[in-house]
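> The structure's right below; bear with me while I get my questions together.
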Amino acid sequence: MHPIYHPAINRAVRTALRPAARLLPRRLHFPVTGTIRVKLEGEGAFSMACNPTSYVAKVLFWEGVRGFEYDLFRIFGALIRSSQTFLDVGANIGYYTLAAATINPDARVTSFEPLPSAFRYLRRNVEINGFTNVATERLALSDAEGETTFFVSRNPKFIEVEHNLASTGALDRELAARTAFVEEVPVRTETLDRYVAARVRERVDLIKLDAEGSEGRILAGGATVLREHRPIILCEVLPGESGRGLEAIFTSNDYRMMRAKGGGLVPVGGLGHATSAENDHVMVPSERMAEVRAFVEG
């Protein structure tokens with residue numbers, strides 16, 4: 001592995017270059033390893049441990065919170081302040097989890113991450129920040145309880161890195177096959193309805209759902225949560241059939257569908273978009289529209 005990824009060297013070089021980050025071309029924003037400090041805009045800061053395979057950590061270090069899903073994150077920041085219970089489904093190493101616990105220390109946060117390497121960092125990041133309001137679960141939410149295979153596409157540039165944080169991971173092999181290095185990992189599955197009924201006492205206010213095409217399965221196993229808890233859902237919608245399936249679920253549950261764009265929300269009539277751009281959406285129960293009205297364009 002290149003010497004720049006040795007923790008001590010990486011920290012020294014990136015610290016020296018960080019003040020000039022805006023002047024550097026993005027190709028010189030090399031991956032980071034070790035622990036970084038992520039500053040939220042007027043909402044405090046948190047520490048994040050990572051290794052060179054973490055894309056989100058690299059972007060957050062060099063570009064700050066405005067560099068990663070900022071259109072969605074800005075809305076998330078406003079919603080989490082008044083949320084009592086937040087579920088981070090597909091938490092990876094914990095960006096939204098850590099931000100939620102920082103912005104609203106009184107919120108109950110539960111984070112789900114089936115990938116063993118990502119879960120290791122997720123749990124470590126919760127610990128190093130001393131958060132006591134966060135529960136972490138290494139399981140995959142789906143439409144059935146049991147065990148299945150989680151397909152992980154490793155980052156080929158760092159194939160030798162222990163605890164490779166992957167290019168992507170999914171319950172569907174085809175969706176996970178972003179590189180030639182696909183591994184099969186056994187995972188425990190649980191439905192959202194069963195988990196919430198057994199482990200969550202309060203109303204679920206807010207869910208972030210990023211499951212690389214498995215969102216439909218997760219929501220199919222969460223019919224009671226959608227019907228009775230009525231959470232606002234921040235949801236990545238990949239192009240194609242998965243989007244159309246999600247559209248049917250949200251429409252039948254009287255949700256308004258909106259795309260996060262330009263710092264606001266743009267209402268959309270459907271989710272069957274054809275490109276991979278602008279995938280981040282916010283789904284709001286019709287009776288809760290007042291909570292996001294300030295962000296809605298038009």
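Just so we're on the same page: first chain in the structure tokens is A, next is B, and so on; residues restart at 1 for each chain, and ligands are numbered from 1 in the order they show up.
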Segment 79-85 of chain A: which residues within 12 Å, counting only C-alpha atoms, same-chain residues fewer than 6 positions away excluded, as a PyMOL selection string?

chain A and resi 43+72-73+96-111+133-135+196+199-208+229-234+282+284+288-295

> Set the distance at 12 Å and use only C-alpha atoms: which residues neighbour Gly222 of chain A once local chain neighbours fewer than 5 positions away are removed? I'd like the list as number ranges by chain.

A: 141-144, 190-197, 204, 207, 215-217, 227-231, 249-250, 253

> Go ahead and save the residues from that selection, with N, CA and C atoms, as a PDB file, in the first residue's frame.


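Below is the file that was written, again_0.pdb:
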ATOM      1  N   LEU A 141     -32.315  -5.075   7.435  1.00  0.00           N
ATOM      2  CA  LEU A 141     -33.764  -5.026   7.422  1.00  0.00           C
ATOM      3  C   LEU A 141     -34.239  -5.495   6.055  1.00  0.00           C
ATOM      4  N   SER A 142     -35.311  -6.273   6.044  1.00  0.00           N
ATOM      5  CA  SER A 142     -35.811  -6.828   4.788  1.00  0.00           C
ATOM      6  C   SER A 142     -37.301  -7.144   4.957  1.00  0.00           C
ATOM      7  N   ASP A 143     -37.839  -7.981   4.059  1.00  0.00           N
ATOM      8  CA  ASP A 143     -39.258  -8.311   4.113  1.00  0.00           C
ATOM      9  C   ASP A 143     -39.531  -9.617   4.841  1.00  0.00           C
ATOM     10  N   ALA A 144     -38.502 -10.216   5.423  1.00  0.00           N
ATOM     11  CA  ALA A 144     -38.676 -11.473   6.152  1.00  0.00           C
ATOM     12  C   ALA A 144     -37.591 -11.602   7.206  1.00  0.00           C
ATOM     13  N   GLU A 190     -34.221  -8.990   9.540  1.00  0.00           N
ATOM     14  CA  GLU A 190     -35.347  -8.710  10.416  1.00  0.00           C
ATOM     15  C   GLU A 190     -36.266  -7.751   9.667  1.00  0.00           C
ATOM     16  N   THR A 191     -37.539  -7.786   9.956  1.00  0.00           N
ATOM     17  CA  THR A 191     -38.433  -6.814   9.337  1.00  0.00           C
ATOM     18  C   THR A 191     -38.469  -5.549  10.193  1.00  0.00           C
ATOM     19  N   LEU A 192     -38.733  -4.454   9.546  1.00  0.00           N
ATOM     20  CA  LEU A 192     -38.845  -3.184  10.258  1.00  0.00           C
ATOM     21  C   LEU A 192     -39.977  -3.242  11.272  1.00  0.00           C
ATOM     22  N   ASP A 193     -41.098  -3.835  10.893  1.00  0.00           N
ATOM     23  CA  ASP A 193     -42.233  -3.920  11.819  1.00  0.00           C
ATOM     24  C   ASP A 193     -41.890  -4.705  13.082  1.00  0.00           C
ATOM     25  N   ARG A 194     -41.260  -5.867  12.913  1.00  0.00           N
ATOM     26  CA  ARG A 194     -40.932  -6.693  14.071  1.00  0.00           C
ATOM     27  C   ARG A 194     -39.910  -5.992  14.963  1.00  0.00           C
ATOM     28  N   TYR A 195     -38.910  -5.358  14.364  1.00  0.00           N
ATOM     29  CA  TYR A 195     -37.885  -4.693  15.163  1.00  0.00           C
ATOM     30  C   TYR A 195     -38.495  -3.551  15.969  1.00  0.00           C
ATOM     31  N   VAL A 196     -39.281  -2.710  15.313  1.00  0.00           N
ATOM     32  CA  VAL A 196     -39.862  -1.560  16.005  1.00  0.00           C
ATOM     33  C   VAL A 196     -40.806  -2.023  17.113  1.00  0.00           C
ATOM     34  N   ALA A 197     -41.619  -3.030  16.834  1.00  0.00           N
ATOM     35  CA  ALA A 197     -42.556  -3.519  17.853  1.00  0.00           C
ATOM     36  C   ALA A 197     -41.827  -4.051  19.075  1.00  0.00           C
ATOM     37  N   VAL A 204     -41.708   6.392  15.698  1.00  0.00           N
ATOM     38  CA  VAL A 204     -40.577   6.609  14.788  1.00  0.00           C
ATOM     39  C   VAL A 204     -40.882   7.853  13.967  1.00  0.00           C
ATOM     40  N   ILE A 207     -36.685   8.416   9.285  1.00  0.00           N
ATOM     41  CA  ILE A 207     -35.891   7.287   8.809  1.00  0.00           C
ATOM     42  C   ILE A 207     -35.027   7.747   7.657  1.00  0.00           C
ATOM     43  N   GLU A 215     -34.543  -0.997  -0.810  1.00  0.00           N
ATOM     44  CA  GLU A 215     -35.501  -0.177  -0.076  1.00  0.00           C
ATOM     45  C   GLU A 215     -36.922  -0.736  -0.139  1.00  0.00           C
ATOM     46  N   GLY A 216     -37.305  -1.285  -1.309  1.00  0.00           N
ATOM     47  CA  GLY A 216     -38.645  -1.846  -1.452  1.00  0.00           C
ATOM     48  C   GLY A 216     -38.890  -3.007  -0.504  1.00  0.00           C
ATOM     49  N   ARG A 217     -37.887  -3.880  -0.363  1.00  0.00           N
ATOM     50  CA  ARG A 217     -38.019  -5.010   0.571  1.00  0.00           C
ATOM     51  C   ARG A 217     -38.177  -4.509   2.001  1.00  0.00           C
ATOM     52  N   ARG A 227     -47.915   2.864   8.305  1.00  0.00           N
ATOM     53  CA  ARG A 227     -49.333   3.169   8.542  1.00  0.00           C
ATOM     54  C   ARG A 227     -49.571   3.830   9.900  1.00  0.00           C
ATOM     55  N   GLU A 228     -48.852   3.371  10.935  1.00  0.00           N
ATOM     56  CA  GLU A 228     -49.140   3.844  12.284  1.00  0.00           C
ATOM     57  C   GLU A 228     -48.168   4.905  12.798  1.00  0.00           C
ATOM     58  N   HIS A 229     -46.890   4.805  12.456  1.00  0.00           N
ATOM     59  CA  HIS A 229     -45.907   5.782  12.953  1.00  0.00           C
ATOM     60  C   HIS A 229     -45.812   7.003  12.042  1.00  0.00           C
ATOM     61  N   ARG A 230     -46.017   6.804  10.757  1.00  0.00           N
ATOM     62  CA  ARG A 230     -45.996   7.876   9.768  1.00  0.00           C
ATOM     63  C   ARG A 230     -44.677   8.665   9.765  1.00  0.00           C
ATOM     64  N   PRO A 231     -43.551   7.983   9.658  1.00  0.00           N
ATOM     65  CA  PRO A 231     -42.269   8.696   9.658  1.00  0.00           C
ATOM     66  C   PRO A 231     -42.028   9.445   8.355  1.00  0.00           C
ATOM     67  N   ILE A 249     -45.557   1.968  -3.157  1.00  0.00           N
ATOM     68  CA  ILE A 249     -45.657   1.892  -1.695  1.00  0.00           C
ATOM     69  C   ILE A 249     -45.995   3.244  -1.105  1.00  0.00           C
ATOM     70  N   PHE A 250     -45.283   4.274  -1.533  1.00  0.00           N
ATOM     71  CA  PHE A 250     -45.517   5.598  -0.949  1.00  0.00           C
ATOM     72  C   PHE A 250     -46.872   6.167  -1.354  1.00  0.00           C
ATOM     73  N   ASN A 253     -49.695   4.746   0.646  1.00  0.00           N
ATOM     74  CA  ASN A 253     -49.686   5.175   2.048  1.00  0.00           C
ATOM     75  C   ASN A 253     -49.843   6.682   2.208  1.00  0.00           C
TER      76      ASN A 253
END

> Find the residue from A:Ser47, A:Thr148, A:Thr53, A:Trp62 that sits nearest to Ala16 of chain A; use only C-alpha atoms when measuring.

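Result for the nearest residue to Ala16 of chain A: A:Trp62.
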
> Can you measure atom CA of Tyr121 of chain A to atom CA of Gly221 of chain A for me? One decimal in Å is fine.

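These atoms are spaced 26.9 Å apart.
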
> Just the number, please: distance in Å from atom CA of Val266 of chain A to atom CA of Leu226 of chain A, one decimal.

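Computing it gives 22.0 Å between the two atoms.
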
> Identify which of the residues A:Ser153, A:Thr189, A:Asn92, A:Ser252 lies closest to Ala140 of chain A, counting only C-alpha atoms when measuring atom-to-atom distances.

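Going through A:Ser153, A:Thr189, A:Asn92, A:Ser252 one by one, the smallest distance to Ala140 of chain A is for A:Thr189.
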
> Excluding Lys39 of chain A and any residue of its chain fewer than 2 positions from it, enumerate the residues within 10 Å of it, using only C-alpha atoms, and give them as JSON, numbers by chain.

{"A": [36, 37, 41, 42, 43, 44, 45, 46, 47, 60, 61, 64, 65, 99]}

> Can you list, as a PDB file with N, CA and C atoms, in the first residue's frame, all residues belonging to segment 52-166 of chain A that DSSP tags as strand (DSSP E or B)?


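Below is the file part_22.pdb, written as the result:
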ATOM      1  N   THR A  85     -37.288   9.918  17.621  1.00  0.00           N
ATOM      2  CA  THR A  85     -36.692   8.641  17.256  1.00  0.00           C
ATOM      3  C   THR A  85     -36.271   8.662  15.791  1.00  0.00           C
ATOM      4  N   PHE A  86     -35.012   8.305  15.536  1.00  0.00           N
ATOM      5  CA  PHE A  86     -34.451   8.298  14.188  1.00  0.00           C
ATOM      6  C   PHE A  86     -33.845   6.935  13.904  1.00  0.00           C
ATOM      7  N   LEU A  87     -34.195   6.349  12.765  1.00  0.00           N
ATOM      8  CA  LEU A  87     -33.619   5.084  12.327  1.00  0.00           C
ATOM      9  C   LEU A  87     -32.734   5.338  11.120  1.00  0.00           C
ATOM     10  N   ASP A  88     -31.464   4.952  11.231  1.00  0.00           N
ATOM     11  CA  ASP A  88     -30.500   5.108  10.147  1.00  0.00           C
ATOM     12  C   ASP A  88     -30.293   3.731   9.518  1.00  0.00           C
ATOM     13  N   VAL A  89     -30.966   3.489   8.411  1.00  0.00           N
ATOM     14  CA  VAL A  89     -30.962   2.174   7.776  1.00  0.00           C
ATOM     15  C   VAL A  89     -29.972   2.188   6.611  1.00  0.00           C
ATOM     16  N   ARG A 108     -33.491   9.433  20.183  1.00  0.00           N
ATOM     17  CA  ARG A 108     -33.083   8.031  20.246  1.00  0.00           C
ATOM     18  C   ARG A 108     -32.727   7.603  18.826  1.00  0.00           C
ATOM     19  N   VAL A 109     -31.490   7.179  18.634  1.00  0.00           N
ATOM     20  CA  VAL A 109     -30.986   6.833  17.307  1.00  0.00           C
ATOM     21  C   VAL A 109     -30.679   5.340  17.262  1.00  0.00           C
ATOM     22  N   THR A 110     -31.195   4.656  16.241  1.00  0.00           N
ATOM     23  CA  THR A 110     -30.855   3.257  16.016  1.00  0.00           C
ATOM     24  C   THR A 110     -30.291   3.127  14.613  1.00  0.00           C
ATOM     25  N   SER A 111     -29.108   2.508  14.509  1.00  0.00           N
ATOM     26  CA  SER A 111     -28.397   2.432  13.239  1.00  0.00           C
ATOM     27  C   SER A 111     -28.228   0.977  12.817  1.00  0.00           C
ATOM     28  N   PHE A 112     -28.576   0.699  11.565  1.00  0.00           N
ATOM     29  CA  PHE A 112     -28.504  -0.649  11.015  1.00  0.00           C
ATOM     30  C   PHE A 112     -27.448  -0.703   9.920  1.00  0.00           C
ATOM     31  N   VAL A 134     -27.370   6.152  21.158  1.00  0.00           N
ATOM     32  CA  VAL A 134     -27.311   5.452  19.878  1.00  0.00           C
ATOM     33  C   VAL A 134     -27.206   3.948  20.103  1.00  0.00           C
ATOM     34  N   ALA A 135     -28.060   3.176  19.433  1.00  0.00           N
ATOM     35  CA  ALA A 135     -27.970   1.717  19.407  1.00  0.00           C
ATOM     36  C   ALA A 135     -27.537   1.297  18.006  1.00  0.00           C
ATOM     37  N   THR A 136     -26.612   0.345  17.908  1.00  0.00           N
ATOM     38  CA  THR A 136     -26.136  -0.122  16.611  1.00  0.00           C
ATOM     39  C   THR A 136     -26.524  -1.590  16.430  1.00  0.00           C
ATOM     40  N   GLU A 137     -26.976  -1.929  15.220  1.00  0.00           N
ATOM     41  CA  GLU A 137     -27.440  -3.285  14.939  1.00  0.00           C
ATOM     42  C   GLU A 137     -26.784  -3.792  13.658  1.00  0.00           C
ATOM     43  N   ALA A 140     -29.598  -6.817   8.519  1.00  0.00           N
ATOM     44  CA  ALA A 140     -30.199  -6.237   7.324  1.00  0.00           C
ATOM     45  C   ALA A 140     -31.708  -6.229   7.495  1.00  0.00           C
ATOM     46  N   LEU A 141     -32.315  -5.075   7.435  1.00  0.00           N
ATOM     47  CA  LEU A 141     -33.764  -5.026   7.422  1.00  0.00           C
ATOM     48  C   LEU A 141     -34.239  -5.495   6.055  1.00  0.00           C
ATOM     49  N   SER A 142     -35.311  -6.273   6.044  1.00  0.00           N
ATOM     50  CA  SER A 142     -35.811  -6.828   4.788  1.00  0.00           C
ATOM     51  C   SER A 142     -37.301  -7.144   4.957  1.00  0.00           C
ATOM     52  N   GLY A 146     -34.889 -13.917   9.268  1.00  0.00           N
ATOM     53  CA  GLY A 146     -34.112 -15.130   9.042  1.00  0.00           C
ATOM     54  C   GLY A 146     -32.657 -14.816   8.759  1.00  0.00           C
ATOM     55  N   GLU A 147     -32.073 -15.526   7.824  1.00  0.00           N
ATOM     56  CA  GLU A 147     -30.696 -15.311   7.415  1.00  0.00           C
ATOM     57  C   GLU A 147     -30.629 -15.333   5.891  1.00  0.00           C
ATOM     58  N   THR A 148     -29.718 -14.561   5.347  1.00  0.00           N
ATOM     59  CA  THR A 148     -29.559 -14.514   3.899  1.00  0.00           C
ATOM     60  C   THR A 148     -28.127 -14.117   3.578  1.00  0.00           C
ATOM     61  N   THR A 149     -27.858 -13.870   2.295  1.00  0.00           N
ATOM     62  CA  THR A 149     -26.523 -13.472   1.845  1.00  0.00           C
ATOM     63  C   THR A 149     -26.522 -11.999   1.487  1.00  0.00           C
ATOM     64  N   PHE A 150     -25.524 -11.304   2.004  1.00  0.00           N
ATOM     65  CA  PHE A 150     -25.310  -9.897   1.666  1.00  0.00           C
ATOM     66  C   PHE A 150     -24.130  -9.848   0.710  1.00  0.00           C
ATOM     67  N   PHE A 151     -24.323  -9.231  -0.449  1.00  0.00           N
ATOM     68  CA  PHE A 151     -23.286  -9.187  -1.476  1.00  0.00           C
ATOM     69  C   PHE A 151     -22.517  -7.873  -1.373  1.00  0.00           C
ATOM     70  N   VAL A 152     -21.201  -7.998  -1.294  1.00  0.00           N
ATOM     71  CA  VAL A 152     -20.333  -6.841  -1.069  1.00  0.00           C
ATOM     72  C   VAL A 152     -19.361  -6.688  -2.220  1.00  0.00           C
ATOM     73  N   SER A 153     -19.346  -5.512  -2.818  1.00  0.00           N
ATOM     74  CA  SER A 153     -18.426  -5.223  -3.910  1.00  0.00           C
ATOM     75  C   SER A 153     -17.267  -4.397  -3.359  1.00  0.00           C
TER      76      SER A 153
END

> Give me, please, the distance in Å between atom CA of Met48 of chain A and atom CA of Leu209 of chain A, quoted to one decimal.

20.7 Å

> Identify which of the residues A:Pro19, A:Ile218, A:Asn51, A:Leu40 lies closest to Tyr5 of chain A, counting only C-alpha atoms when measuring atom-to-atom distances.

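When distances to Tyr5 of chain A are compared using only C-alpha atoms, the smallest one comes from A:Asn51.
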
> Quick one: residues within 7 Å of Val268 of chain A, only C-alpha atoms counted, chain neighbours fewer than 2 positions away excluded, as an MDAnalysis selection string?

chainID A and resid 257:259 266 270

> Can you list every residue in segment 3-223 of chain A that DSSP puts in alpha helix (DSSP H), as an MDAnalysis selection string?

chainID A and resid 7:17 55:63 70:80 95:103 116:128 173:176 192:199 215:220 223

> So which one's closest to Arg124 of chain A, A:Arg244, A:Val237, A:Ala49, A:Ala20? Using only C-alpha atoms, please.

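Using only C-alpha atoms, Arg124 of chain A sits closest to A:Ala49.
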
> Can you pull out every residue within 7 Å of Leu122 of chain A, counting only C-alpha atoms, but drop anything in the same chain fewer than 2 positions away, and send it as a list of chain:residue names?

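My list of contacting residues is A:Asn92, A:Ile93, A:Gly94, A:Ala118, A:Phe119, A:Arg120, A:Arg124, A:Asn125, A:Val126.
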
> List as a PyMOL selection string the protein and nucleic acid residues near Glu63 of chain A, meaning an atom at most 12 Å away when only C-alpha atoms are counted, but skip any in the same chain fewer than 3 places from it.

chain A and resi 18-26+29-30+38-39+55-60+66-70

> Only C-alpha atoms, please: the residues just picked out, written as a JSON list (two decimals), in the first residue's frame.


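Final output, saved to selection_21.json:
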[["chain", "number", "residue", "atom", "x", "y", "z"],
["A", 18, "ARG", "CA", -6.21, 20.97, 4.36],
["A", 19, "PRO", "CA", -6.07, 24.81, 4.57],
["A", 20, "ALA", "CA", -5.54, 24.89, 0.79],
["A", 21, "ALA", "CA", -8.20, 22.26, -0.01],
["A", 22, "ARG", "CA", -10.32, 24.64, -2.06],
["A", 23, "LEU", "CA", -7.36, 25.46, -4.27],
["A", 24, "LEU", "CA", -6.42, 21.84, -4.90],
["A", 25, "PRO", "CA", -7.95, 19.93, -7.82],
["A", 26, "ARG", "CA", -10.17, 17.11, -6.63],
["A", 29, "HIS", "CA", -7.95, 14.94, -2.55],
["A", 30, "PHE", "CA", -6.46, 11.62, -1.53],
["A", 38, "VAL", "CA", -16.26, 16.72, 11.07],
["A", 39, "LYS", "CA", -17.66, 20.18, 11.73],
["A", 55, "TYR", "CA", -15.49, 7.65, 0.26],
["A", 56, "VAL", "CA", -17.68, 9.63, 2.64],
["A", 57, "ALA", "CA", -14.77, 10.31, 5.02],
["A", 58, "LYS", "CA", -12.58, 11.51, 2.18],
["A", 59, "VAL", "CA", -15.22, 13.96, 0.95],
["A", 60, "LEU", "CA", -16.06, 15.22, 4.42],
["A", 66, "ARG", "CA", -21.31, 20.77, 1.82],
["A", 67, "GLY", "CA", -19.44, 18.24, -0.28],
["A", 68, "PHE", "CA", -21.54, 15.17, 0.54],
["A", 69, "GLU", "CA", -25.29, 14.94, -0.12],
["A", 70, "TYR", "CA", -25.67, 18.50, 1.13]]
